[in-house]
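S.K.: Supplied structure: final.tsv, TSV, C-alpha atoms.
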chain	number	residue	atom	x	y	z
A	1	MET	CA	9.52	-33.59	-5.77
A	2	LYS	CA	8.80	-30.78	-8.22
A	3	ARG	CA	8.11	-27.49	-6.56
A	4	ASN	CA	5.33	-25.32	-7.84
A	5	VAL	CA	6.20	-22.24	-5.88
A	6	ALA	CA	3.90	-19.80	-7.62
A	7	GLY	CA	0.89	-22.08	-7.37
A	8	ASP	CA	1.59	-23.05	-3.77
A	9	VAL	CA	2.07	-19.45	-2.73
A	10	ALA	CA	-1.11	-18.30	-4.47
A	11	SER	CA	-3.08	-21.07	-2.82
A	12	SER	CA	-1.65	-20.29	0.62
A	13	ASP	CA	-2.25	-16.60	0.10
A	14	SER	CA	-5.91	-17.13	-0.65
A	15	ALA	CA	-6.56	-19.02	2.58
A	16	LEU	CA	-4.37	-16.73	4.66
A	17	LEU	CA	-5.94	-13.60	3.21
A	18	HIS	CA	-9.36	-14.86	4.20
A	19	GLY	CA	-8.12	-15.48	7.74
A	20	ALA	CA	-6.31	-12.15	7.94
A	21	ARG	CA	-9.41	-10.26	6.85
A	22	GLU	CA	-11.36	-12.06	9.54
A	23	GLY	CA	-8.84	-10.73	12.04
A	24	ASP	CA	-6.92	-13.96	12.64
A	25	PRO	CA	-3.50	-12.86	13.95
A	26	ARG	CA	-1.93	-16.21	13.01
A	27	ALA	CA	-2.94	-15.72	9.39
A	28	LEU	CA	-1.27	-12.31	9.42
A	29	ASP	CA	1.87	-13.80	10.94
A	30	GLU	CA	1.98	-16.49	8.27
A	31	LEU	CA	1.52	-13.98	5.47
A	32	VAL	CA	4.48	-12.03	6.85
A	33	ALA	CA	6.61	-15.16	7.20
A	34	LEU	CA	5.73	-16.25	3.67
A	35	HIS	CA	6.59	-12.97	1.96
A	36	GLN	CA	9.15	-11.21	4.12
A	37	SER	CA	12.16	-12.43	2.16
A	38	SER	CA	10.64	-11.40	-1.17
A	39	ALA	CA	9.80	-7.99	0.27
A	40	PHE	CA	13.33	-7.63	1.63
A	41	ARG	CA	14.92	-8.58	-1.69
A	42	VAL	CA	12.79	-6.11	-3.65
A	43	ALA	CA	13.66	-3.31	-1.22
A	44	LEU	CA	17.31	-4.35	-1.32
A	45	GLY	CA	17.26	-4.21	-5.10
A	46	ILE	CA	16.13	-0.58	-4.96
A	47	LEU	CA	18.01	0.72	-1.96
A	48	GLY	CA	21.18	-1.33	-2.02
A	49	GLY	CA	21.77	-1.31	1.74
A	50	GLU	CA	20.48	-4.04	4.03
A	51	ALA	CA	19.46	-1.79	6.92
A	52	ASP	CA	17.44	0.55	4.69
A	53	ALA	CA	16.00	-2.41	2.80
A	54	GLN	CA	14.80	-3.95	6.04
A	55	ASP	CA	13.14	-0.69	7.10
A	56	ALA	CA	11.46	-0.24	3.73
A	57	ALA	CA	10.33	-3.87	3.60
A	58	GLN	CA	8.88	-3.66	7.10
A	59	ASP	CA	7.10	-0.37	6.42
A	60	GLY	CA	5.79	-1.61	3.09
A	61	MET	CA	4.49	-4.85	4.55
A	62	LEU	CA	2.82	-3.03	7.41
A	63	ARG	CA	1.17	-0.64	5.00
A	64	ALA	CA	-0.05	-3.54	2.86
A	65	LEU	CA	-1.39	-5.54	5.79
A	66	LYS	CA	-3.23	-2.53	7.18
A	67	GLY	CA	-4.72	-1.89	3.77
A	68	LEU	CA	-5.88	-5.43	3.08
A	69	ALA	CA	-9.38	-4.08	2.53
A	70	GLY	CA	-8.03	-2.22	-0.49
A	71	PHE	CA	-6.73	-5.38	-2.14
A	72	ARG	CA	-9.15	-6.00	-5.00
A	73	GLY	CA	-7.51	-9.12	-6.36
A	74	ASP	CA	-6.72	-7.67	-9.79
A	75	ALA	CA	-3.18	-8.99	-9.35
A	76	SER	CA	-1.95	-11.76	-7.06
A	77	PHE	CA	-1.50	-10.78	-3.43
A	78	ARG	CA	2.27	-11.20	-3.76
A	79	THR	CA	2.47	-8.90	-6.77
A	80	TRP	CA	0.32	-6.31	-4.98
A	81	LEU	CA	2.44	-6.57	-1.84
A	82	LEU	CA	5.74	-6.30	-3.70
A	83	ALA	CA	4.50	-3.27	-5.63
A	84	ILE	CA	3.72	-1.55	-2.32
A	85	VAL	CA	7.14	-2.47	-0.92
A	86	ALA	CA	8.81	-1.20	-4.10
A	87	ASN	CA	6.96	2.11	-3.77
A	88	GLU	CA	8.01	2.36	-0.15
A	89	ALA	CA	11.64	1.72	-1.08
A	90	ARG	CA	11.50	4.30	-3.89
A	91	SER	CA	10.02	6.86	-1.50
A	92	MET	CA	12.85	6.20	0.92
A	93	LEU	CA	15.33	6.58	-1.91
A	94	ARG	CA	13.80	9.92	-2.92
A	95	ARG	CA	13.95	11.17	0.65
A	96	ARG	CA	17.67	10.78	0.59
A	97	THR	CA	19.50	13.83	-0.62
A	98	ARG	CA	21.97	11.67	-2.41
A	99	ARG	CA	22.16	7.95	-2.81
A	100	ARG	CA	25.29	6.51	-1.33
A	101	GLU	CA	27.55	5.68	-4.20
A	102	CYS	CA	29.09	2.25	-3.87
A	103	PRO	CA	32.50	1.64	-5.38
A	104	LEU	CA	31.12	-1.50	-6.93
A	105	ASP	CA	34.25	-2.39	-8.81
A	106	ASP	CA	36.16	-2.50	-5.54
A	107	GLU	CA	33.57	-4.83	-4.03
A	108	LEU	CA	33.68	-7.32	-6.86
A	109	PRO	CA	35.86	-10.32	-6.46
A	110	GLY	CA	38.15	-10.22	-9.46
A	111	GLU	CA	39.26	-13.60	-10.67
A	112	LEU	CA	37.67	-16.70	-9.29
A	113	PRO	CA	39.91	-18.67	-6.98
A	114	VAL	CA	41.64	-21.45	-8.86
A	115	GLY	CA	43.71	-24.44	-7.94
A	116	GLY	CA	43.93	-25.83	-4.45
A	117	VAL	CA	40.78	-24.09	-3.29
A	118	ALA	CA	37.87	-26.15	-2.12
A	119	GLY	CA	34.98	-26.27	-4.57
A	120	ARG	CA	32.64	-24.86	-1.98
A	121	VAL	CA	34.75	-21.74	-1.63
A	122	VAL	CA	34.92	-21.32	-5.40
A	123	LEU	CA	31.16	-21.61	-5.65
A	124	ARG	CA	30.67	-19.07	-2.86
A	125	ALA	CA	32.96	-16.59	-4.57
A	126	GLU	CA	31.20	-17.06	-7.89
A	127	VAL	CA	27.83	-16.62	-6.27
A	128	ALA	CA	28.95	-13.42	-4.55
A	129	ARG	CA	30.33	-12.10	-7.81
A	130	VAL	CA	27.13	-12.75	-9.76
A	131	ARG	CA	24.99	-11.06	-7.11
A	132	ALA	CA	27.37	-8.12	-7.05
A	133	LEU	CA	27.07	-7.81	-10.81
A	134	LEU	CA	23.30	-7.82	-10.46
A	135	ALA	CA	23.62	-4.81	-8.16
A	136	ARG	CA	25.40	-2.90	-10.94
A	137	LEU	CA	22.42	-3.02	-13.28
A	138	PRO	CA	20.11	-0.02	-13.69
A	139	GLU	CA	17.14	-0.23	-11.33
A	140	LYS	CA	14.51	-1.49	-13.77
A	141	GLN	CA	16.78	-4.16	-15.23
A	142	ARG	CA	17.91	-5.18	-11.76
A	143	LEU	CA	14.35	-5.47	-10.47
A	144	ALA	CA	13.18	-7.28	-13.59
A	145	VAL	CA	15.90	-9.91	-13.17
A	146	GLN	CA	15.31	-10.21	-9.44
A	147	LEU	CA	11.54	-10.48	-9.69
A	148	ARG	CA	11.72	-12.99	-12.53
A	149	VAL	CA	14.49	-15.19	-11.10
A	150	ASP	CA	14.24	-14.80	-7.32
A	151	GLU	CA	10.48	-14.48	-7.02
A	152	GLY	CA	9.31	-16.38	-10.09
A	153	LEU	CA	6.93	-13.61	-11.17
A	154	SER	CA	5.65	-13.62	-14.74
A	155	PHE	CA	6.71	-10.77	-17.01
A	156	ARG	CA	3.26	-9.28	-16.62
A	157	GLU	CA	3.61	-9.33	-12.83
A	158	VAL	CA	7.13	-7.93	-13.08
A	159	GLY	CA	5.69	-5.07	-15.13
A	160	THR	CA	3.09	-4.39	-12.45
A	161	VAL	CA	5.75	-4.07	-9.76
A	162	ILE	CA	8.23	-1.96	-11.72
A	163	GLY	CA	5.54	0.14	-13.34
A	164	SER	CA	5.90	-0.88	-16.96
A	165	SER	CA	4.21	-3.00	-19.59
A	166	GLU	CA	4.76	-6.74	-19.87
A	167	GLY	CA	6.86	-6.20	-23.01
A	168	THR	CA	9.08	-3.60	-21.34
A	169	ALA	CA	9.55	-5.89	-18.35
A	170	ARG	CA	10.68	-8.67	-20.69
A	171	VAL	CA	13.11	-6.36	-22.47
A	172	ASN	CA	14.53	-5.11	-19.17
A	173	TYR	CA	15.02	-8.67	-17.99
A	174	HIS	CA	16.81	-9.84	-21.11
A	175	HIS	CA	19.02	-6.74	-21.26
A	176	GLY	CA	19.94	-7.26	-17.62
A	177	ILE	CA	20.90	-10.89	-18.12
A	178	LYS	CA	22.88	-10.02	-21.23
A	179	ARG	CA	24.86	-7.38	-19.38
A	180	ILE	CA	25.64	-9.66	-16.46
A	181	ARG	CA	26.87	-12.32	-18.84
A	182	GLY	CA	28.96	-9.74	-20.64
A	183	TRP	CA	30.58	-8.60	-17.38
A	184	LEU	CA	31.27	-12.20	-16.40
A	185	LYS	CA	33.23	-12.66	-19.62
A	186	GLU	CA	35.42	-9.60	-19.02
B	1	MET	CA	11.52	-24.84	-28.64
B	2	THR	CA	13.60	-21.96	-29.95
B	3	CYS	CA	16.32	-20.18	-27.96
B	4	PRO	CA	14.09	-17.11	-27.22
B	5	GLU	CA	11.31	-19.42	-25.99
B	6	ILE	CA	13.81	-21.25	-23.80
B	7	ALA	CA	15.24	-17.95	-22.51
B	8	ASP	CA	11.79	-16.90	-21.27
B	9	ARG	CA	11.45	-20.19	-19.36
B	10	LEU	CA	14.98	-20.45	-18.00
B	11	PRO	CA	14.31	-18.55	-14.74
B	12	ASP	CA	11.57	-21.03	-13.89
B	13	TRP	CA	13.75	-23.96	-14.96
B	14	ALA	CA	16.74	-22.73	-12.94
B	15	SER	CA	14.59	-22.34	-9.84
B	16	ASP	CA	12.82	-25.68	-10.37
B	17	ARG	CA	9.41	-24.13	-10.91
B	18	LEU	CA	8.56	-25.75	-14.23
B	19	ALA	CA	6.27	-28.73	-14.62
B	20	ASP	CA	8.08	-32.00	-15.32
B	21	THR	CA	7.20	-32.25	-19.01
B	22	GLU	CA	8.22	-28.68	-19.78
B	23	SER	CA	11.34	-29.04	-17.67
B	24	ALA	CA	12.38	-32.07	-19.73
B	25	LEU	CA	11.96	-30.09	-22.96
B	26	VAL	CA	14.15	-27.31	-21.62
B	27	ALA	CA	16.78	-29.76	-20.42
B	28	GLU	CA	16.84	-31.41	-23.85
B	29	HIS	CA	17.44	-28.01	-25.48
B	30	LEU	CA	20.19	-27.13	-23.01
B	31	ASP	CA	22.06	-30.33	-23.82
B	32	GLY	CA	22.55	-29.13	-27.36
B	33	CYS	CA	22.81	-25.35	-26.86
B	34	GLU	CA	25.91	-23.94	-25.25
B	35	ASP	CA	24.65	-20.37	-25.10
B	36	CYS	CA	21.37	-21.21	-23.35
B	37	SER	CA	23.24	-23.58	-21.04
B	38	ALA	CA	25.60	-20.78	-19.98
B	39	GLN	CA	22.64	-18.51	-19.33
B	40	ALA	CA	20.95	-21.21	-17.27
B	41	SER	CA	24.09	-21.48	-15.17
B	42	VAL	CA	24.06	-17.74	-14.41
B	43	LEU	CA	20.37	-17.83	-13.48
B	44	GLY	CA	20.89	-20.86	-11.25
B	45	THR	CA	23.70	-19.06	-9.45
B	46	LEU	CA	21.56	-15.96	-8.99
B	47	PHE	CA	18.69	-17.99	-7.58
B	48	VAL	CA	20.85	-19.98	-5.17
B	49	ALA	CA	22.41	-16.78	-3.86
B	50	ARG	CA	19.19	-14.82	-3.34
B	51	PRO	CA	19.30	-13.15	0.05
B	52	GLU	CA	16.83	-13.98	2.79
B	53	ALA	CA	15.13	-11.56	5.13
B	54	PRO	CA	17.26	-10.67	8.16
B	55	ALA	CA	16.51	-12.56	11.35
B	56	GLY	CA	13.88	-10.86	13.46
B	57	MET	CA	12.22	-8.95	10.62
B	58	ALA	CA	8.91	-10.78	10.98
B	59	GLU	CA	8.93	-10.11	14.71
B	60	ASN	CA	9.61	-6.44	14.07
B	61	ILE	CA	6.65	-6.26	11.71
B	62	ALA	CA	4.37	-8.05	14.17
B	63	ARG	CA	5.52	-5.77	16.99
B	64	ALA	CA	5.15	-2.60	14.96
B	65	GLY	CA	1.78	-3.72	13.64
B	66	GLY	CA	0.57	-4.53	17.14
B	67	VAL	CA	1.77	-1.27	18.62
B	68	GLN	CA	0.30	0.80	15.82
B	69	ALA	CA	-2.98	-1.04	15.80
B	70	HIS	CA	-3.18	-0.53	19.55
B	71	SER	CA	-2.48	3.19	19.29
B	72	VAL	CA	-5.06	3.54	16.53
B	73	THR	CA	-7.62	1.79	18.70
B	74	ARG	CA	-6.74	4.02	21.64
B	75	GLU	CA	-7.12	7.12	19.52
B	76	ARG	CA	-10.47	5.94	18.31
B	77	VAL	CA	-11.89	5.18	21.74
B	78	ARG	CA	-10.41	8.26	23.42
B	79	PRO	CA	-12.42	11.32	22.46
B	80	SER	CA	-10.58	14.56	21.86
B	81	TRP	CA	-12.90	16.21	24.40
B	82	ARG	CA	-15.20	14.82	27.03
B	83	ARG	CA	-18.89	15.79	27.05
B	84	PRO	CA	-19.86	16.76	30.58
B	85	ALA	CA	-23.23	15.89	32.07
B	86	TRP	CA	-24.43	19.48	31.88
B	87	ALA	CA	-23.67	19.84	28.17
B	88	LEU	CA	-27.07	18.76	26.86
B	89	PRO	CA	-29.23	20.97	29.15
B	90	SER	CA	-26.88	23.88	28.45
B	91	ALA	CA	-27.23	23.38	24.75
B	92	ALA	CA	-31.02	23.32	25.05
B	93	VAL	CA	-31.03	26.56	27.07
B	94	LEU	CA	-28.67	28.17	24.57
B	95	VAL	CA	-30.83	27.20	21.61
B	96	PHE	CA	-33.93	28.53	23.37
B	97	ALA	CA	-32.22	31.80	24.27
B	98	VAL	CA	-30.89	32.40	20.79
B	99	GLY	CA	-34.22	31.49	19.23
B	100	THR	CA	-36.12	33.85	21.49
B	101	THR	CA	-33.66	36.64	20.83
B	102	ILE	CA	-34.04	36.25	17.11
B	103	ILE	CA	-37.83	36.26	17.37
B	104	PHE	CA	-37.92	39.37	19.51
B	105	ARG	CA	-35.27	41.16	17.49
B	106	ASP	CA	-37.14	40.53	14.25
B	107	SER	CA	-40.52	41.45	15.64
B	108	GLN	CA	-39.16	44.63	17.29
B	109	THR	CA	-37.47	45.67	14.10
B	110	ILE	CA	-40.67	45.27	12.23
B	111	GLU	CA	-42.66	47.14	14.87
B	112	VAL	CA	-40.20	50.03	14.89
B	113	ALA	CA	-40.06	50.17	11.18
B	114	SER	CA	-43.82	50.13	11.00
B	115	ALA	CA	-44.13	52.89	13.56
B	116	ILE	CA	-41.88	55.25	11.66
B	117	GLY	CA	-43.50	54.28	8.40
B	118	GLU	CA	-40.28	53.59	6.59
B	119	VAL	CA	-40.91	49.98	5.77
B	120	PRO	CA	-44.20	48.73	4.50
B	121	VAL	CA	-45.04	45.68	6.54
B	122	GLU	CA	-47.65	43.19	5.60
B	123	GLU	CA	-49.52	41.27	8.22
B	124	SER	CA	-48.04	37.95	7.09
B	125	GLN	CA	-44.51	39.25	7.74
B	126	ILE	CA	-45.05	40.08	11.36
B	127	TRP	CA	-44.97	36.59	12.76
B	128	ILE	CA	-42.23	34.19	12.10
B	129	ALA	CA	-43.44	31.17	10.20
B	130	ASN	CA	-46.74	32.95	9.89
B	131	ASP	CA	-47.80	31.44	13.19
B	132	GLY	CA	-49.05	34.13	15.49
B	133	ALA	CA	-49.49	31.85	18.47
B	134	VAL	CA	-45.77	31.16	18.68
B	135	ALA	CA	-44.82	34.60	19.98
B	136	GLY	CA	-48.01	35.40	21.87
B	137	ALA	CA	-50.12	36.97	19.11
B	138	PRO	CA	-53.67	37.85	20.11
B	139	VAL	CA	-55.95	34.93	19.55
B	140	LEU	CA	-59.47	36.04	18.68
B	141	ASP	CA	-60.97	32.68	17.88
B	142	ASP	CA	-61.81	31.94	21.51
B	143	LEU	CA	-63.67	35.18	22.11
B	144	SER	CA	-67.47	35.17	22.21
B	145	ASP	CA	-69.47	37.50	19.97
B	146	GLU	CA	-70.15	39.74	22.92
B	147	GLU	CA	-66.48	39.94	23.82
B	148	LEU	CA	-65.59	40.68	20.20
B	149	ARG	CA	-68.16	43.45	20.00
B	150	ALA	CA	-66.75	45.00	23.17
B	151	LEU	CA	-63.23	44.77	21.77
B	152	VAL	CA	-64.20	46.47	18.52
B	153	GLU	CA	-65.90	49.26	20.44
B	154	GLU	CA	-62.84	49.65	22.62
B	155	LEU	CA	-60.51	49.79	19.62
B	156	GLY	CA	-62.82	52.17	17.85
B	157	ALA	CA	-62.73	54.40	20.87
Please rewrite the model in this file as structure tokens.

M.R.:
Amino acid sequence: MKRNVAGDVASSDSALLHGAREGDPRALDELVALHQSSAFRVALGILGGEADAQDAAQDGMLRALKGLAGFRGDASFRTWLLAIVANEARSMLRRRTRRRECPLDDELPGELPVGGVAGRVVLRAEVARVRALLARLPEKQRLAVQLRVDEGLSFREVGTVIGSSEGTARVNYHHGIKRIRGWLKE
Amino acid sequence: MTCPEIADRLPDWASDRLADTESALVAEHLDGCEDCSAQASVLGTLFVARPEAPAGMAENIARAGGVQAHSVTRERVRPSWRRPAWALPSAAVLVFAVGTTIIFRDSQTIEVASAIGEVPVEESQIWIANDGAVAGAPVLDDLSDEELRALVEELGA
């Protein structure tokens, strides 16, 4: 069956938002369950470390849920939420005196395993390599690719989260993909 | 569709978010376009490998939200100071005392000033709010003609 993630999520959000504003704790729980992975990925894309990303995602989601009254509906709830999480992650990043530099080249699997290796292992290695390459992109390109591919946001929504125009979001996305493909060919 | 148009749609195609008709158009293009096909492969790999939230994150949020909401509620219901039972009567007495002091201070100042002739004082300035009855001003309205005549004679004397 064809998934219509964006439409399904928007529809769920609408009902859940109504419940959450009425003070229904189950609606709040469902909103968290529905968006926690997206929030985590956005924070991870900015901060790079899982522990920090989890903290930022949690703080950002809490801030958003406490400020539901301030959600005017100009953007979708998910876009609004992810923008808050992204701001939270950026604030955390600024608070650091110096971002931990990752020796990304050392983390990257070099050549893909060949010959005699189970296909599943090959796929896993390739997957890890592509995600590691994504982490090497500059922040705006990285977030544009993540938000477009992982979350299915439109370029306009991507722009809202990363703080740019729709056109700039599109350019960042395409540059990011081009660079990843270039690295894969090296 | 052209390659740039396909490229814009590939993330949705790779993550199975496109409607069937549009998905078929993209698939048809990919069959004949090696470059777009390679890009679709990268996007598919990215999507499959997207990380999920760590276990327990939702519970942490619910716990933190509950604790904080509770503390906010406590702060709201707990006043920073308690108003004792005697506060209201005390406040009334204080207001009365201060008001009386002001009235007497002003009237005395005016009387003294008038006595030494330094400040010209008009009759309307003597009583606060121009209401003589408030601070015990002499009320002549209730006096009979006979009593008034006696008073005038007395003052004249």

S.K.: Pick the closest to Ala62 of chain B from A:Ala43, A:Glu22, A:Lys66, A:Ala56: which is it, counting all atoms listed in the file?

M.R.: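 Counting all atoms listed in the file, the residue closest to Ala62 of chain B is A:Lys66.
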
S.K.: I'd like the neighbourhood of segment 73-87 of chain A as a PyMOL selection string, where a residue qualifies if any of its atoms comes within 10 Å (using all atoms listed in the file), though same-chain residues fewer than 5 positions away should be ignored.

M.R.: chain A and resi 6+9-10+13-14+17+31+34-36+38-47+53+56-65+68+92-93+143+147+151+153-154+156-163

S.K.: For His174 of chain A, find every residue with an atom within 12 Å (counting all atoms listed in the file), except residues of its own chain fewer than 2 positions away, and show them as a ChimeraX atom specification.

M.R.: /A:137,140-146,148-149,155,167-172,176-181 /B:4,7-11,39,43

S.K.: For chain B, report every residue with an atom at most 6 Å from chain A (counting all atoms listed in the file), formatted as a ChimeraX atom specification.

M.R.: /B:11,17,45,47,49,52-53,61

S.K.: For each of B:Ala14, B:Met1, B:Ala55, B:Ala150, take the minimum atom-to-atom distance to Cys33 of chain B, counting all atoms listed in the file, then give the residue where this is smallest.

M.R.: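 Closest to Cys33 of chain B of all the choices is B:Met1.
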
S.K.: So what do you get for atom CA of Asp35 of chain B versus atom CA of Asp16 of chain B, distance-wise?

M.R.: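 Pair atom CA of Asp35 of chain B / atom CA of Asp16 of chain B returns 19.6 Å.
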